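Let me begin by presenting the structure, written as structure tokens, before commenting on it.
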Amino acid sequence: MEVSGRTAIVTGGAGGIGAAIARQVARAGGSVLITDIDGTALDETVAQLSADGRGRVIGQQADVADPGQIRATIDHAEAELGPVSIYFANAGITGPLGLGEADADWDQVIDINLRAHVRAANVLIPRWLDRGEGYFVSTASAAGLLSQIGAAGYSVTKHGAVAFAEWLSITYGDAGVRVSCLCPMGVATKMLLGDGPPNDPLAVAGAAAVTSAGDVLQPDDVAADVMAAIADERFLILPHEDVLRMFRFKGSDYERWLRGMRRYQARLLPVDPLS
């Protein structure tokens, strides 16, 4: 799909991968609405990108855990910028560490990392089917193809995001709806480098599992891969080439892969995760 002249929405767009994607869209001549729960950071990012790109950039503070706010964001973008052609379901959180201790913690990570994708698609798919085209880009994670040490909720919801993106592509791909799924490993964002309790063994092990497995990329490099995938209408976006090798190994010998992951966890987390 050609981005120039199109309208896009980027959730979680005030920083990290989301801001980098919005920057690429604006530079390519697309109009973009950025949403984020952090209103101050959102205003700063909109100002920066408005001065940097060719396309129009606007912002709307929103919480993607709220289905009403998702619909309102899409309606606002269409009223201000025109029909939404590309939706970047990018907002995400790490969620509870370990198994989590409360249903509310699981509800939050499921709402943001997975249900927000489903709810946006419920609004957009009928409109895209009427128009004959649309593009849904899901930010999942390498954890959605592999796993995530230290955070069950993150691993589960990222697997779900991959599965939902696959389902969208299978179900609507022949009706003009294109889908891409971004599965990076380490990216220099607040989620990896500055999110979560800094001294919690599970948080430390989870971050170390990512940073020791491969290079930590910059958000702009990841966003460039995303734009290339959209131009090619390619489903799986893997900024880290090693992820494909790991994924193939996992599928070729699941038992061996599980044993290896347990050994890897033991090196990173000498304390019993169940204690």
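By convention in this document, the chains of the structure tokens carry letters A, B, ... by their order, each chain's residues are numbered from 1, and ligands are numbered from 1 in the order they are shown.
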### Task
Could you give me, as a list of chain:residue names, each residue of segment 16-203 of chain A that DSSP assigns to strand (DSSP E) when run on this structure's backbone?
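Result set for segment 16-203 of chain A (strand (DSSP E)): A:Ser31, A:Val32, A:Leu33, A:Ile34, A:Thr35, A:Asp36, A:Val57, A:Ile58, A:Gly59, A:Gln60, A:Gln61, A:Val84, A:Ser85, A:Ile86, A:Tyr87, A:Phe88, A:Ala89, A:Gly134, A:Tyr135, A:Phe136, A:Val137, A:Ser138, A:Thr139, A:Val177, A:Arg178, A:Val179, A:Ser180, A:Cys181, A:Leu182.
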### Query
Neighbours of Arg115 of chain A within 12 Å (only C-alpha atoms; same-chain residues fewer than 2 positions away dropped), as a PyMOL selection string?
chain A and resi 64-67+70+89+91-92+106-113+117-122+138+157-158+160-161+164
Keeping only N, CA and C atoms, write those residues as a tab-separated table (two decimals), in the first residue's frame.
chain	number	residue	atom	x	y	z
A	64	VAL	N	-6.56	3.00	25.18
A	64	VAL	CA	-7.06	1.94	24.30
A	64	VAL	C	-7.70	0.79	25.07
A	65	ALA	N	-7.62	0.83	26.40
A	65	ALA	CA	-8.36	-0.16	27.20
A	65	ALA	C	-9.85	0.14	27.21
A	66	ASP	N	-10.25	1.30	26.72
A	66	ASP	CA	-11.65	1.73	26.71
A	66	ASP	C	-12.20	1.63	25.29
A	67	PRO	N	-13.12	0.72	25.01
A	67	PRO	CA	-13.63	0.56	23.65
A	67	PRO	C	-14.30	1.81	23.10
A	70	ILE	N	-11.63	4.05	21.71
A	70	ILE	CA	-11.11	3.57	20.42
A	70	ILE	C	-12.02	4.03	19.29
A	89	ALA	N	-1.96	-0.73	15.52
A	89	ALA	CA	-2.32	-1.12	16.89
A	89	ALA	C	-1.02	-1.35	17.65
A	91	ALA	N	-0.02	0.37	20.85
A	91	ALA	CA	0.05	0.56	22.31
A	91	ALA	C	0.23	-0.79	23.00
A	92	GLY	N	1.08	-0.81	24.02
A	92	GLY	CA	1.30	-2.05	24.74
A	92	GLY	C	1.93	-1.81	26.10
A	106	TRP	N	-4.43	-8.83	34.97
A	106	TRP	CA	-4.60	-9.56	33.71
A	106	TRP	C	-5.59	-8.84	32.80
A	107	ASP	N	-6.65	-8.31	33.38
A	107	ASP	CA	-7.62	-7.57	32.56
A	107	ASP	C	-6.95	-6.41	31.84
A	108	GLN	N	-6.06	-5.70	32.54
A	108	GLN	CA	-5.42	-4.54	31.93
A	108	GLN	C	-4.51	-4.93	30.77
A	109	VAL	N	-3.66	-5.94	30.97
A	109	VAL	CA	-2.74	-6.32	29.90
A	109	VAL	C	-3.49	-6.94	28.72
A	110	ILE	N	-4.56	-7.68	29.00
A	110	ILE	CA	-5.36	-8.23	27.91
A	110	ILE	C	-6.09	-7.12	27.15
A	111	ASP	N	-6.64	-6.16	27.88
A	111	ASP	CA	-7.35	-5.05	27.24
A	111	ASP	C	-6.44	-4.25	26.32
A	112	ILE	N	-5.23	-3.96	26.78
A	112	ILE	CA	-4.34	-3.09	26.02
A	112	ILE	C	-3.61	-3.84	24.91
A	113	ASN	N	-3.08	-5.02	25.23
A	113	ASN	CA	-2.24	-5.74	24.27
A	113	ASN	C	-3.02	-6.58	23.27
A	117	HIS	N	-6.86	-4.43	19.90
A	117	HIS	CA	-6.75	-4.78	18.49
A	117	HIS	C	-8.11	-5.26	17.97
A	118	VAL	N	-8.74	-6.12	18.75
A	118	VAL	CA	-10.04	-6.67	18.34
A	118	VAL	C	-11.08	-5.55	18.24
A	119	ARG	N	-11.08	-4.67	19.23
A	119	ARG	CA	-12.08	-3.60	19.24
A	119	ARG	C	-11.88	-2.62	18.10
A	120	ALA	N	-10.64	-2.30	17.77
A	120	ALA	CA	-10.39	-1.43	16.63
A	120	ALA	C	-10.84	-2.09	15.33
A	121	ALA	N	-10.54	-3.38	15.20
A	121	ALA	CA	-10.94	-4.09	13.99
A	121	ALA	C	-12.46	-4.15	13.86
A	122	ASN	N	-13.17	-4.28	14.97
A	122	ASN	CA	-14.63	-4.30	14.91
A	122	ASN	C	-15.19	-3.02	14.32
A	138	SER	N	-0.32	-4.76	13.40
A	138	SER	CA	-0.29	-5.13	14.80
A	138	SER	C	1.14	-5.13	15.31
A	157	THR	N	-0.52	-12.42	25.83
A	157	THR	CA	-1.22	-11.43	25.01
A	157	THR	C	-0.50	-11.18	23.69
A	158	LYS	N	0.82	-11.28	23.67
A	158	LYS	CA	1.53	-11.10	22.41
A	158	LYS	C	1.33	-12.30	21.49
A	160	GLY	N	-1.45	-13.87	21.50
A	160	GLY	CA	-2.80	-13.57	21.04
A	160	GLY	C	-2.83	-12.54	19.93
A	161	ALA	N	-1.98	-11.53	20.03
A	161	ALA	CA	-1.92	-10.49	19.00
A	161	ALA	C	-1.48	-11.07	17.67
A	164	PHE	N	-4.40	-13.13	16.32
A	164	PHE	CA	-5.50	-12.31	15.81
A	164	PHE	C	-5.13	-11.69	14.46
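For the residues A:Val32, A:Leu268, A:Ala205, A:Pro219, ranking by smallest atom-to-atom distance to Thr189 of chain A using only C-alpha atoms places A:Pro219 first.
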### Point-to-point distance in Å for atom CA of Ala116 of chain A and atom CA of Tyr87 of chain A
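Those two atoms sit 11.6 Å apart.
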### Query
Out of segment 101-274 of chain A, which residues get alpha helix (DSSP H) from DSSP, as a PyMOL selection string?
chain A and resi 103-110+116-131+152-172+190-193+201-211+219-232+241-252+254-268
### Task
Compare A:Ala77, A:Leu49, A:Ile125, A:Val3 by their minimum atom-to-atom distance to Ala22 of chain A, counting only C-alpha atoms, and give me the closest one.
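Smallest distance to Ala22 of chain A is found for A:Leu49.
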### Query
Using only C-alpha atoms, which residue out of A:Leu81, A:Ala224, A:Pro239, A:Val179 lies closest to Arg23 of chain A?
A:Ala224
### Task
Between A:Ala152, A:Val226, A:Val25, A:Ala140, single out the one closest to Ala165 of chain A, counting only C-alpha atoms.
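Smallest separation from Ala165 of chain A among the options: A:Ala140.
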### Message
As an exercise, work out the distance from atom CA of Glu80 of chain A to atom CA of Gly30 of chain A in Å and give it to one decimal place.
### Response
13.3 Å
### Message
I'd like to know which of A:Arg71, A:Lys190, A:Arg54, A:His159 is closest to Ile17 of chain A, using only C-alpha atoms.
### Response
A:Lys190
#### Entry: All residues 12 Å or closer to Met261 of chain A, only C-alpha atoms, same chain fewer than 2 positions away omitted, as a list in words
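With the cut-off at 12 Å, the set is Leu146, Ser147, Gln148, Ile149, Gly150, Ala209, Ala213, Met246, Phe249, Lys250, Tyr254, Glu255, Arg256, Trp257, Leu258, Arg259, Arg263, Tyr264, Gln265, Ala266, Arg267, Leu268 and Leu269 of chain A.
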### Message
Would you pick out the contacts of Pro126 of chain A at 12 Å or less, using only C-alpha atoms, so that residues sharing its chain but fewer than 5 positions from it are not included, and give the list as a ChimeraX atom specification?
### Response
/A:120-121,131-134,172,175-177
Same residues, C-alpha atoms, output as a short mmCIF file (atom, residue, chain, number, x, y, z; two decimals), in the first residue's frame:
data_model
loop_
_atom_site.label_atom_id
_atom_site.label_comp_id
_atom_site.auth_asym_id
_atom_site.auth_seq_id
_atom_site.Cartn_x
_atom_site.Cartn_y
_atom_site.Cartn_z
CA ALA A 120 -10.39 -1.43 16.63
CA ALA A 121 -10.94 -4.09 13.99
CA ARG A 131 -14.24 0.79 0.64
CA GLY A 132 -12.50 -2.31 -0.66
CA GLU A 133 -9.24 -1.67 1.17
CA GLY A 134 -7.57 -1.08 4.52
CA TYR A 172 -10.31 -10.64 5.00
CA ALA A 175 -11.44 -8.67 0.37
CA GLY A 176 -8.81 -5.92 0.23
CA VAL A 177 -7.78 -5.84 3.91
#
### Message
From the options A:Thr40, A:Ser180, A:Ser252, A:Gln24, which residue's atoms come nearest to Asp232 of chain A, counting only C-alpha atoms?
### Response
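Closest residue, counting only C-alpha atoms: A:Ser180.
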### Query
So what do you get for atom CA of Thr7 of chain A versus atom CA of Gly144 of chain A, distance-wise?
27.8 Å
